[in-house]
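The structure appears below as structure tokens.
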Amino acid sequence: MNNSEILICQNPDGKIKIDFRLEEETVWLTQEQMATLFGKGRSTIAEHIANVFEEGELEQNRTCRKFRQVR
């Protein structure tokens, strides 16, 4: 059985709201959600993620999931 849930976090003034998936003690965010969370552009997040994989801090096949993004 898949043990996951969707959580919603909002900052005190209500300007930032992020819906994210929590699955087996792991938080799953899209790059767009991370950009919102940290107040950066999505391309900046993508660059940092690429550096993490390149430097061997994390393995991509263990930390990435394919999600459909609809705009």
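FYI, nothing fancy with the structure tokens labels: chains A, B, ... in order, residues from 1 per chain, ligands from 1 as they appear.
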Which polymer residues have any atom within 7 Å of an atom of A:Ile18, counting only C-alpha atoms, with same-chain residues fewer than 5 positions away left out, as a list in words?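 After dropping sequence-adjacent residues, the list is Ile8, Cys9, Gln10 and Gln33 of chain A.
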Store the residues picked out above in a file with all heavy atoms, as a PDB file, in the first residue's frame.
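result_13.pdb, freshly written:
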ATOM      1  N   ILE A   8      -0.601  21.042   2.479  1.00  0.00           N
ATOM      2  CA  ILE A   8      -0.624  22.422   2.008  1.00  0.00           C
ATOM      3  C   ILE A   8       0.008  23.294   3.072  1.00  0.00           C
ATOM      4  O   ILE A   8      -0.397  23.261   4.235  1.00  0.00           O
ATOM      5  CB  ILE A   8      -2.065  22.899   1.734  1.00  0.00           C
ATOM      6  CG1 ILE A   8      -2.727  22.000   0.688  1.00  0.00           C
ATOM      7  CG2 ILE A   8      -2.073  24.364   1.302  1.00  0.00           C
ATOM      8  CD1 ILE A   8      -4.206  22.237   0.513  1.00  0.00           C
ATOM      9  N   CYS A   9       1.016  24.061   2.680  1.00  0.00           N
ATOM     10  CA  CYS A   9       1.676  24.998   3.592  1.00  0.00           C
ATOM     11  C   CYS A   9       1.471  26.406   3.066  1.00  0.00           C
ATOM     12  O   CYS A   9       1.498  26.642   1.856  1.00  0.00           O
ATOM     13  CB  CYS A   9       3.162  24.703   3.691  1.00  0.00           C
ATOM     14  SG  CYS A   9       3.510  23.170   4.527  1.00  0.00           S
ATOM     15  N   GLN A  10       1.286  27.322   3.982  1.00  0.00           N
ATOM     16  CA  GLN A  10       1.050  28.713   3.610  1.00  0.00           C
ATOM     17  C   GLN A  10       1.790  29.594   4.607  1.00  0.00           C
ATOM     18  O   GLN A  10       1.773  29.330   5.809  1.00  0.00           O
ATOM     19  CB  GLN A  10      -0.450  28.987   3.655  1.00  0.00           C
ATOM     20  CG  GLN A  10      -0.855  30.333   3.147  1.00  0.00           C
ATOM     21  CD  GLN A  10      -2.357  30.423   3.002  1.00  0.00           C
ATOM     22  OE1 GLN A  10      -3.037  29.440   2.750  1.00  0.00           O
ATOM     23  NE2 GLN A  10      -2.887  31.609   3.172  1.00  0.00           N
ATOM     24  N   GLN A  33       7.776  24.452  -7.500  1.00  0.00           N
ATOM     25  CA  GLN A  33       7.430  24.585  -6.081  1.00  0.00           C
ATOM     26  C   GLN A  33       8.653  24.995  -5.255  1.00  0.00           C
ATOM     27  O   GLN A  33       8.555  25.822  -4.354  1.00  0.00           O
ATOM     28  CB  GLN A  33       6.846  23.279  -5.542  1.00  0.00           C
ATOM     29  CG  GLN A  33       5.464  22.972  -6.069  1.00  0.00           C
ATOM     30  CD  GLN A  33       5.017  21.574  -5.720  1.00  0.00           C
ATOM     31  OE1 GLN A  33       5.778  20.616  -5.827  1.00  0.00           O
ATOM     32  NE2 GLN A  33       3.769  21.455  -5.287  1.00  0.00           N
TER      33      GLN A  33
END
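Residues surrounding stretch 36-48 of chain A within 12 Å are Cys9, Gln10, Asn11, Lys15, Ile16, Lys17, Ile18, Asp19, Phe20, Leu29, Thr30, Gln31, Glu32, Gln33, Met34, Ala50, Asn51, Val52, Phe53, Glu54, Glu55, Glu57 and Leu58 of chain A [only C-alpha atoms; sequence separation below 2 positions excluded].
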Mind listing the strand (DSSP E) residues of stretch 22-68 of chain A, per DSSP on the backbone, as a PyMOL selection string? chain A and resi 22-23+26-28
If you run DSSP on the backbone here, which positions in chain A get alpha helix (DSSP H)? Please write them as number ranges by chain. A: 31-38, 42-54, 60-63
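Atom pair atom CA of A:Trp28 / atom CA of A:Ile49 has a distance of 13.6 Å (rounded to one decimal).
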